[in-house]
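K.L.:
Sharing a structure below in structure tokens format, with a few things to ask.
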Amino acid sequence: MTLVTGVGVIPHLSGGGFDANGTESVATTDELKRDFKVGESDAVFLVTAGSGSVDDPEAAAAGSRVATDLKDDSAVKSVVSYWENPQQGGLRSNDGRSAIVIVELDGSQNDKSEWLRGMHERYDSRQGAVKVQIGGNAEVFRAIQDQIMADMLIAEAIAIPISMILLLFVFRSIVAALLPIAMGALSAAATLFVLRALTEFTEVSIFSLNLTSALALGLGIDYGLLMVTRYREELANGHAVPDAVSRTMRTAGRTVLYSGITVALSLGTLLLFPLPFLRSFGYAAVPVVLVAMLGALVVLPAMLRLLGHNVEKGSLHRLPSINPSERSWERLSRWTIRRRFPVAAVGVVGLALLALPFFHIAIGKSDDRVLPQDASVRDVGRQIRDNFSGNTAFPVSVYLPDLGRDEADQRALGELAAKISSISQVSIVRGAEGIYEKGALGTPVPGIREATSTEKSSYLTVLLRPNIEVFSGEAADAVGSIRAAGREHGALVGGESARLVDNKQVIAERLPIALALIMIFTLVLVFLLTGSLVVPIKALFLNLLSLTATFGVMVWGFQDGNLEGLLGFTSSGYLDNAMPVLMFCAAFGLSMDYELFLVARIKEEYDRTGDNNLAVVEGIKKTGAVFTSAALLLAIVFAGLIASKVSIIQMAGLGIVLAILMDATLIRSALVPALMSMMGRANWWAPGFLRRLHAKVHLSESIDDEPGARRERKVLTDAAER
């Protein structure tokens with residue numbers, strides 16, 4: 001069902017949205033389109049001679065025909081061809097065997113993708129004396145779009161069967177195991193309808209298809225597991241079906257509600273970032289979580305009421321249980337508490353060591369190298385990077401709003417072009433009176449003045465040295481130098497390198513706000529569950545530490561390339577600028593919700609007994625099995641993303657899986673009991689006015705609503721506070 005619905009939504013999803021709105025680089029693009037009808041390149045056609053040089057008569061004629069055919073296409077806005085502009089630097093390879101035709105297309109990214117598919121049918125074979133391959137940004141996104149659809153099928157083919165097998169071992173009942181799977185499938189299918197609806201109002205990234213589907217499937221299964229587990233427990237305790245459903249809703253149902261709030265709030269902070277790629281996840285997060293919650297809180301209880309005791313049908317009690325017993329969790333907790341100081345030290349130091357690579361993180365943007373090595377667009381990108389003088393396909397554009405065609409302006413424009421060409425990272429400057437190469441005026445290009453100036457404005461095209469990566473630190477330095485050189489003329493600087501500089505600045509400005517909001521959400525939620533100020537700070541510290549460790553592994557594996565051989569990708573030497581933000585918000589919400597429920601259960605045990613260590617032991621003992629199963633199931637769903645052939649999807653899947661498993665094992669089973677034991681009664685400290693506030697508005701998973709039970713809890717709480 002998910003696949004069929006996914007096919008319907010894909011044409012409406014965007015392959016772009018990676019650049020922040022309202023930046024200087026975006027303004028540069030808009031001004032160039034308005035004044036000069038000049039846009040950025042969408043596709044690059046790499047034309048390679050079968051033998052000899054692209055200047056040989058037969059190859060040159062074939063290359064010219066390719067350029068002419070493209071010019072005559074109604075979807076094409078502009079074409080820059082080597083055979084029509086042989087003086088223009090960077091269009092012919094260093095060895096002379098290849099040349100490029102740069103194409104700007106009309107329409108949306110999806111229109112461009114459809115057009116490029118048609119071009120593959122036309123050119124994916126030798127055209128007479130030349131071979132034609134297609135590259136460029138639009139082609140990269142087209143290839144990603146097609147790959148993601150195939151990857152979604154693989155991810156679900158991995159996640160659903162393994163989840164079903166695991167649930168059979170958890171429940172040892174076929175009917176009980178099918179219920180969470182049904183909730184997961186329902187949530188995943190409904191999520192695709194949500195994404196389709198969102199495309200009518202805003203840009204939604206193609207990348208959201210995999211991640212939100214995995215989120216919906218995982219949460220649907222997770223919430224179904226919690227609800228069915230509690231329902232079976234209530235039946236086993238002798239409650240009638242209506243009462244069992246009611247008690248399940250008042251306990252596990254509240255757990256599901258708090259989990260949804262946690263995940264939705266964390267992902268909702270993505271709306272703060274003006275990158276459509278990130279915002280589309282923020283827009284989708286709330287309805288996706290809502291769909292999973294409604295399935296668990298509305299559909300599933302109705303199914304349980306109808307099934308009654310038939311939930312135990314298809315008994316498989318001969319299957320071994322994969323969950324450690326409560327006694328095992330109790331022994332582990334007591335062992336950890338007895339050795340709390342070395343356990344805490346080893347755990348914290350271990351996470352800190354894993355986090356070390358994070359401190360040399362390098363930020364860039366996705367290019368063709370996110371795709372499999374056998375993708376044709378990868379070969380085009382490699383050849384352009386390695387065999388052409390200047391980053392021809394990714395120039396830096398300089399728009400001069402105050403320099404027009406009069407003689408004084410043109411003289412100032414020439415001086416600026418010469419100044420820019422002297423920047424160490426610059427290879428070629430085109431515009432003004434000719435082509436500047438490293439400070440020397442080259443051969444004038446006929447008509448170039450008319451092409452690059454109007455009565456009131458002008459522009460320059462700057463190519464960086466070919467050995468400089470478009471998204472590298474050197475490229476960023478070049479953008480800074482070009483902006484400094486043109487500042488007195490009010491220059492606007494754009495292009496892919498400038499977009500990354502602007503994206504990083506915008507993210508750096510908004511990230512502290514997002515982090516602050518997430519921290520406030522966490523502190524408030526944990527306080528409402530526990531009535532403590534200390535426990536929320538501890539929970540926040542542990543989650544941030546574990547996520548920093550996760551990012552350390554991502555830098556080591558994907559940026560530094562240590563997982564290349566295992567996962568089959570090629571490292572670009574940096575992480576995509578948007579992915580760490582997305583991963584942090586998603587992983588924080590998914591890993592924090594289990595700790596919320598654990599500390600809430602520990603608090604209830606503390607209120608009941610007044611013994612901190614006993615409360616820790618009992619809390620872990622009573623939640624260990626179900627939350628371990630839930631975390632494992634969620635990890636399995638996201639592990640399906642690791643099978644993707646798009647490296648940024650692999651990174652997101654692996655990062656979220658590591659965060660979930662780290663929280664379920666090291667954090668919850670070791671560091672939480674160790675640190676809470678070390679802090680003793682201080683765990684539950686809060687100022688008097690906050691204790692009174694908590695008594696009025698606190699959240700609880702207790703099902704004992706009788707006045708006597710409430711009075712007993714109040715007596716125990718007051719005694720503990722004294």
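Letters A, B, ... go to the chains of the structure tokens in the order shown; residues in each chain start at 1; ligands are counted from 1 in the same order.
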May I have the residues within 10 Å of A:Ser259 as a ChimeraX atom specification, using only C-alpha atoms and disregarding those fewer than 6 positions away in the same chain?

P.N.:
/A:219,223,253,265,289,293,589-594,596-597

K.L.:
Excluding A:Arg92 and residues on its chain fewer than 4 positions from it, collect all residues at most 7 Å away from it, counting only C-alpha atoms, and give them as a ChimeraX atom specification.

P.N.:
/A:82,96,98-100,388

K.L.:
Neighbouring residues of A:Gln410 were defined as those with any atom within 9 Å, considering only C-alpha atoms; residues of the same chain fewer than 2 positions away were excluded. Please report them as a PyMOL selection string.

P.N.:
chain A and resi 403-408+412-415+432-433+449+453+458

K.L.:
May I ask which of the residues A:Ser246, A:Thr28, A:Ser571, A:Thr23 is the closest one to A:Tyr399, counting only C-alpha atoms?

P.N.:
A:Thr28

K.L.:
To one decimal place, how far is atom CA of A:Ser481 from atom CA of A:Ile363 in Å?

P.N.:
19.4 Å

K.L.:
Measuring atom to atom with only C-alpha atoms, identify which of A:Gly350, A:Gly573, A:Gly431, A:Pro395 is nearest to A:Gly39.

P.N.:
A:Pro395

K.L.:
Measure the distance from atom CA of A:Ile656 to atom CA of A:Ala264 in Å and round it to one decimal.

P.N.:
15.6 Å

K.L.:
So that I can check the secondary structure, give me every residue of stretch 88-197 of chain A assigned strand (DSSP E or B) by backbone DSSP, as a PDB file with C-alpha atoms, in the first residue's frame.

P.N.:
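Dumped to out09.pdb:
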```pdb
ATOM      1  CA  ARG A  92      36.984  22.287 -23.031  1.00  0.00           C
ATOM      2  CA  SER A  93      38.773  19.578 -21.053  1.00  0.00           C
ATOM      3  CA  SER A  98      35.775  16.389 -24.021  1.00  0.00           C
ATOM      4  CA  ALA A  99      33.756  19.589 -23.981  1.00  0.00           C
ATOM      5  CA  ILE A 100      30.592  20.650 -22.208  1.00  0.00           C
ATOM      6  CA  VAL A 101      27.265  22.172 -23.120  1.00  0.00           C
ATOM      7  CA  ILE A 102      25.679  24.043 -20.197  1.00  0.00           C
ATOM      8  CA  VAL A 103      21.874  24.191 -20.188  1.00  0.00           C
ATOM      9  CA  GLU A 104      19.424  26.290 -18.210  1.00  0.00           C
ATOM     10  CA  LEU A 105      15.907  24.846 -18.084  1.00  0.00           C
ATOM     11  CA  ARG A 126      27.004   7.025 -28.747  1.00  0.00           C
ATOM     12  CA  GLN A 127      25.845   9.811 -31.086  1.00  0.00           C
ATOM     13  CA  VAL A 130      30.788  11.512 -29.792  1.00  0.00           C
ATOM     14  CA  LYS A 131      29.441  10.076 -26.557  1.00  0.00           C
ATOM     15  CA  VAL A 132      26.999  12.226 -24.557  1.00  0.00           C
ATOM     16  CA  GLN A 133      26.600  12.028 -20.762  1.00  0.00           C
ATOM     17  CA  ILE A 134      24.381  14.191 -18.572  1.00  0.00           C
ATOM     18  CA  GLY A 135      25.341  15.851 -15.285  1.00  0.00           C
ATOM     19  CA  SER A 173       0.885 -14.644  19.619  1.00  0.00           C
TER      20      SER A 173
END
```

K.L.:
Excluding A:Glu605 and its own-chain neighbours fewer than 6 positions away, which residues fall within 10 Å of it when counting only C-alpha atoms? Please give them as a ChimeraX atom specification.

P.N.:
/A:599,611-619

K.L.:
Those selected residues, please, written with N, CA, C and O atoms and delivered as a PDB file, in the first residue's frame.

P.N.:
```
ATOM      1  N   VAL A 599      12.051   7.906  33.771  1.00  0.00           N
ATOM      2  CA  VAL A 599      12.168   8.725  34.983  1.00  0.00           C
ATOM      3  C   VAL A 599      10.798   8.952  35.612  1.00  0.00           C
ATOM      4  O   VAL A 599      10.690   9.096  36.841  1.00  0.00           O
ATOM      5  N   ASP A 611      12.391   5.491  48.812  1.00  0.00           N
ATOM      6  CA  ASP A 611      13.752   4.949  48.711  1.00  0.00           C
ATOM      7  C   ASP A 611      14.261   5.193  47.296  1.00  0.00           C
ATOM      8  O   ASP A 611      13.767   4.602  46.335  1.00  0.00           O
ATOM      9  N   ASN A 612      15.267   6.061  47.145  1.00  0.00           N
ATOM     10  CA  ASN A 612      15.741   6.444  45.812  1.00  0.00           C
ATOM     11  C   ASN A 612      16.288   5.248  45.042  1.00  0.00           C
ATOM     12  O   ASN A 612      15.921   5.015  43.888  1.00  0.00           O
ATOM     13  N   ASN A 613      17.191   4.473  45.648  1.00  0.00           N
ATOM     14  CA  ASN A 613      17.800   3.346  44.933  1.00  0.00           C
ATOM     15  C   ASN A 613      16.769   2.279  44.579  1.00  0.00           C
ATOM     16  O   ASN A 613      16.799   1.700  43.491  1.00  0.00           O
ATOM     17  N   LEU A 614      15.860   2.019  45.501  1.00  0.00           N
ATOM     18  CA  LEU A 614      14.819   1.037  45.218  1.00  0.00           C
ATOM     19  C   LEU A 614      13.920   1.520  44.082  1.00  0.00           C
ATOM     20  O   LEU A 614      13.513   0.723  43.218  1.00  0.00           O
ATOM     21  N   ALA A 615      13.638   2.823  44.050  1.00  0.00           N
ATOM     22  CA  ALA A 615      12.815   3.380  42.977  1.00  0.00           C
ATOM     23  C   ALA A 615      13.497   3.216  41.624  1.00  0.00           C
ATOM     24  O   ALA A 615      12.856   2.883  40.625  1.00  0.00           O
ATOM     25  N   VAL A 616      14.816   3.437  41.595  1.00  0.00           N
ATOM     26  CA  VAL A 616      15.566   3.270  40.341  1.00  0.00           C
ATOM     27  C   VAL A 616      15.501   1.820  39.879  1.00  0.00           C
ATOM     28  O   VAL A 616      15.234   1.523  38.708  1.00  0.00           O
ATOM     29  N   VAL A 617      15.719   0.892  40.803  1.00  0.00           N
ATOM     30  CA  VAL A 617      15.690  -0.535  40.460  1.00  0.00           C
ATOM     31  C   VAL A 617      14.311  -0.943  39.953  1.00  0.00           C
ATOM     32  O   VAL A 617      14.171  -1.603  38.919  1.00  0.00           O
ATOM     33  N   GLU A 618      13.278  -0.543  40.680  1.00  0.00           N
ATOM     34  CA  GLU A 618      11.924  -0.936  40.293  1.00  0.00           C
ATOM     35  C   GLU A 618      11.505  -0.294  38.971  1.00  0.00           C
ATOM     36  O   GLU A 618      10.825  -0.917  38.149  1.00  0.00           O
ATOM     37  N   GLY A 619      11.902   0.961  38.756  1.00  0.00           N
ATOM     38  CA  GLY A 619      11.550   1.629  37.504  1.00  0.00           C
ATOM     39  C   GLY A 619      12.159   0.938  36.298  1.00  0.00           C
ATOM     40  O   GLY A 619      11.477   0.711  35.290  1.00  0.00           O
TER      41      GLY A 619
END
```

K.L.:
Mind pulling up the distance from atom CA of A:Phe18 to atom CA of A:Tyr574?

P.N.:
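Pair atom CA of A:Tyr574 / atom CA of A:Phe18 returns 15.6 Å.
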
K.L.:
When DSSP is applied to the backbone of this structure, which of stretch 36-195 of chain A are assigned alpha helix (DSSP H)? Write them out as a PyMOL selection string.

P.N.:
chain A and resi 36+57-71+109-123+137-171+174-195

K.L.:
Name the residues in contact with A:Leu195 at a cut-off of 9 Å, using only C-alpha atoms, excluding same-chain residues fewer than 5 positions from it; report them as JSON, numbers by chain.

P.N.:
{"A": [9, 13, 190, 204, 208, 209, 212, 284, 288]}

K.L.:
Counting only C-alpha atoms, which of A:Ser78, A:Ala60, A:Thr251, A:Tyr123 gets nearest to A:Lys33?

P.N.:
A:Ser78

K.L.:
Hey, what's within 10 Å of A:Ser572 if we count only C-alpha atoms and toss same-chain stuff fewer than 2 positions away? As a ChimeraX atom specification, please?

P.N.:
/A:364-370,469,471-472,558-561,569-570,574-576

K.L.:
So that I have them on file, write out the residues from the current selection with all heavy atoms, as a compact mmCIF listing (two decimals), in the first residue's frame.

P.N.:
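See out_13.txt below for the written result:
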```
# COMPACT_ATOMS: atom_id res chain seq x y z
N GLY A 364 29.32 21.05 4.11
CA GLY A 364 29.22 21.36 2.68
C GLY A 364 27.80 21.15 2.21
O GLY A 364 26.85 21.26 2.98
N LYS A 365 27.64 20.86 0.92
CA LYS A 365 26.33 20.56 0.35
C LYS A 365 26.42 19.27 -0.45
O LYS A 365 27.49 18.87 -0.89
CB LYS A 365 25.87 21.70 -0.56
CG LYS A 365 25.43 22.94 0.18
CD LYS A 365 24.97 24.02 -0.80
CE LYS A 365 23.70 23.63 -1.51
NZ LYS A 365 23.23 24.69 -2.43
N SER A 366 25.29 18.65 -0.65
CA SER A 366 25.25 17.39 -1.38
C SER A 366 25.52 17.64 -2.86
O SER A 366 25.05 18.62 -3.44
CB SER A 366 23.87 16.73 -1.23
OG SER A 366 23.63 16.40 0.12
N ASP A 367 26.29 16.75 -3.47
CA ASP A 367 26.49 16.80 -4.91
C ASP A 367 26.34 15.38 -5.46
O ASP A 367 25.74 14.52 -4.81
CB ASP A 367 27.85 17.42 -5.26
CG ASP A 367 29.04 16.66 -4.67
OD1 ASP A 367 28.87 15.49 -4.27
OD2 ASP A 367 30.14 17.23 -4.62
N ASP A 368 26.88 15.13 -6.64
CA ASP A 368 26.69 13.82 -7.28
C ASP A 368 27.25 12.67 -6.47
O ASP A 368 26.86 11.52 -6.65
CB ASP A 368 27.32 13.83 -8.67
CG ASP A 368 28.79 14.22 -8.64
OD1 ASP A 368 29.08 15.42 -8.72
OD2 ASP A 368 29.65 13.33 -8.53
N ARG A 369 28.16 12.95 -5.53
CA ARG A 369 28.80 11.88 -4.78
C ARG A 369 27.91 11.25 -3.72
O ARG A 369 28.30 10.27 -3.09
CB ARG A 369 30.10 12.39 -4.16
CG ARG A 369 31.22 12.55 -5.16
CD ARG A 369 32.40 13.32 -4.63
NE ARG A 369 32.08 14.73 -4.44
CZ ARG A 369 32.97 15.66 -4.13
NH1 ARG A 369 34.23 15.32 -3.97
NH2 ARG A 369 32.60 16.92 -3.97
N VAL A 370 26.70 11.78 -3.53
CA VAL A 370 25.76 11.10 -2.63
C VAL A 370 25.15 9.87 -3.32
O VAL A 370 24.52 9.04 -2.65
CB VAL A 370 24.62 12.04 -2.16
CG1 VAL A 370 25.19 13.27 -1.50
CG2 VAL A 370 23.68 12.41 -3.28
N GLU A 469 37.36 22.46 -4.42
CA GLU A 469 36.01 21.92 -4.33
C GLU A 469 35.00 23.07 -4.18
O GLU A 469 35.25 24.04 -3.46
CB GLU A 469 35.89 20.99 -3.12
CG GLU A 469 36.62 19.67 -3.28
CD GLU A 469 35.78 18.65 -4.01
OE1 GLU A 469 34.60 18.95 -4.28
OE2 GLU A 469 36.30 17.57 -4.31
N PHE A 471 32.33 23.31 -2.58
CA PHE A 471 31.79 23.51 -1.23
C PHE A 471 32.87 23.44 -0.16
O PHE A 471 32.59 23.18 1.00
CB PHE A 471 30.71 22.47 -0.95
CG PHE A 471 29.59 22.48 -1.95
CD1 PHE A 471 29.23 21.33 -2.62
CD2 PHE A 471 28.92 23.65 -2.24
CE1 PHE A 471 28.20 21.34 -3.55
CE2 PHE A 471 27.89 23.68 -3.17
CZ PHE A 471 27.54 22.52 -3.83
N SER A 472 34.10 23.70 -0.54
CA SER A 472 35.22 23.61 0.40
C SER A 472 35.42 24.92 1.15
O SER A 472 34.84 25.96 0.83
CB SER A 472 36.50 23.25 -0.35
OG SER A 472 36.86 24.31 -1.22
N PHE A 558 31.31 9.07 7.78
CA PHE A 558 30.87 9.62 6.49
C PHE A 558 31.77 10.76 6.02
O PHE A 558 32.14 10.80 4.84
CB PHE A 558 29.42 10.09 6.59
CG PHE A 558 28.44 8.95 6.64
CD1 PHE A 558 28.11 8.35 7.84
CD2 PHE A 558 27.87 8.47 5.48
CE1 PHE A 558 27.22 7.29 7.89
CE2 PHE A 558 26.98 7.41 5.51
CZ PHE A 558 26.65 6.81 6.72
N GLN A 559 32.12 11.68 6.90
CA GLN A 559 33.00 12.77 6.46
C GLN A 559 34.42 12.26 6.23
O GLN A 559 35.03 12.54 5.19
CB GLN A 559 33.02 13.88 7.51
CG GLN A 559 33.99 15.02 7.19
CD GLN A 559 34.00 16.06 8.28
OE1 GLN A 559 32.97 16.60 8.66
NE2 GLN A 559 35.18 16.36 8.82
N ASP A 560 34.95 11.50 7.18
CA ASP A 560 36.31 10.99 7.06
C ASP A 560 36.39 9.75 6.18
O ASP A 560 37.48 9.29 5.85
CB ASP A 560 36.88 10.67 8.45
CG ASP A 560 36.95 11.90 9.34
OD1 ASP A 560 36.86 13.02 8.80
OD2 ASP A 560 37.08 11.75 10.57
N GLY A 561 35.23 9.17 5.84
CA GLY A 561 35.20 8.07 4.88
C GLY A 561 35.50 6.70 5.42
O GLY A 561 35.73 5.76 4.65
N PHE A 569 29.64 3.95 -0.28
CA PHE A 569 29.47 5.33 -0.75
C PHE A 569 30.84 5.96 -0.92
O PHE A 569 31.87 5.35 -0.59
CB PHE A 569 28.64 6.14 0.25
CG PHE A 569 29.32 6.36 1.58
CD1 PHE A 569 30.13 7.47 1.80
CD2 PHE A 569 29.16 5.45 2.61
CE1 PHE A 569 30.76 7.67 3.02
CE2 PHE A 569 29.78 5.64 3.83
CZ PHE A 569 30.59 6.74 4.03
N THR A 570 30.86 7.16 -1.45
CA THR A 570 32.11 7.91 -1.61
C THR A 570 32.03 9.18 -0.78
O THR A 570 31.10 9.98 -0.95
CB THR A 570 32.35 8.28 -3.08
OG1 THR A 570 32.43 7.09 -3.86
CG2 THR A 570 33.65 9.07 -3.24
N TYR A 574 32.93 16.18 3.62
CA TYR A 574 32.12 17.05 4.47
C TYR A 574 30.74 16.45 4.62
O TYR A 574 30.37 15.51 3.91
CB TYR A 574 32.04 18.47 3.90
CG TYR A 574 31.77 18.53 2.42
CD1 TYR A 574 30.50 18.29 1.90
CD2 TYR A 574 32.78 18.83 1.52
CE1 TYR A 574 30.24 18.34 0.55
CE2 TYR A 574 32.54 18.88 0.15
CZ TYR A 574 31.28 18.64 -0.33
OH TYR A 574 31.02 18.68 -1.67
N LEU A 575 29.97 16.98 5.56
CA LEU A 575 28.58 16.58 5.75
C LEU A 575 27.67 17.65 5.17
O LEU A 575 27.98 18.84 5.23
CB LEU A 575 28.27 16.38 7.24
CG LEU A 575 29.11 15.35 8.00
CD1 LEU A 575 28.61 15.23 9.44
CD2 LEU A 575 29.11 14.00 7.32
N ASP A 576 26.54 17.23 4.62
CA ASP A 576 25.58 18.17 4.07
C ASP A 576 25.12 19.15 5.15
O ASP A 576 24.86 18.76 6.29
CB ASP A 576 24.38 17.42 3.51
CG ASP A 576 23.39 18.36 2.85
OD1 ASP A 576 23.55 18.63 1.66
OD2 ASP A 576 22.47 18.84 3.55
```

K.L.:
Could you check the closest approach to A:Leu275 for each of A:Met554, A:Val506, A:Leu297, A:Ala670 and tell me which residue wins, using only C-alpha atoms?

P.N.:
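With only C-alpha atoms as the atom set, the closest residue is A:Val506.
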
K.L.:
Which is closest to A:Gly610 among A:His239, A:Arg681, A:Lys622, A:His120, if we use only C-alpha atoms?

P.N.:
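Checking each candidate against A:Gly610, we get A:Arg681 as the closest.
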
K.L.:
If we count only C-alpha atoms and set the cut-off at 12 Å, which residues sit around A:Trp335, ignoring sequence neighbours fewer than 3 positions away in its own chain? Please answer as number ranges by chain.

P.N.:
A: 328-332, 338-343, 613, 617, 669-670, 673-674, 677

K.L.:
Between A:Leu641, A:Val555, A:Ala549, A:Ala539, which one has atoms that come closest to A:Leu671, using only C-alpha atoms?

P.N.:
A:Ala539
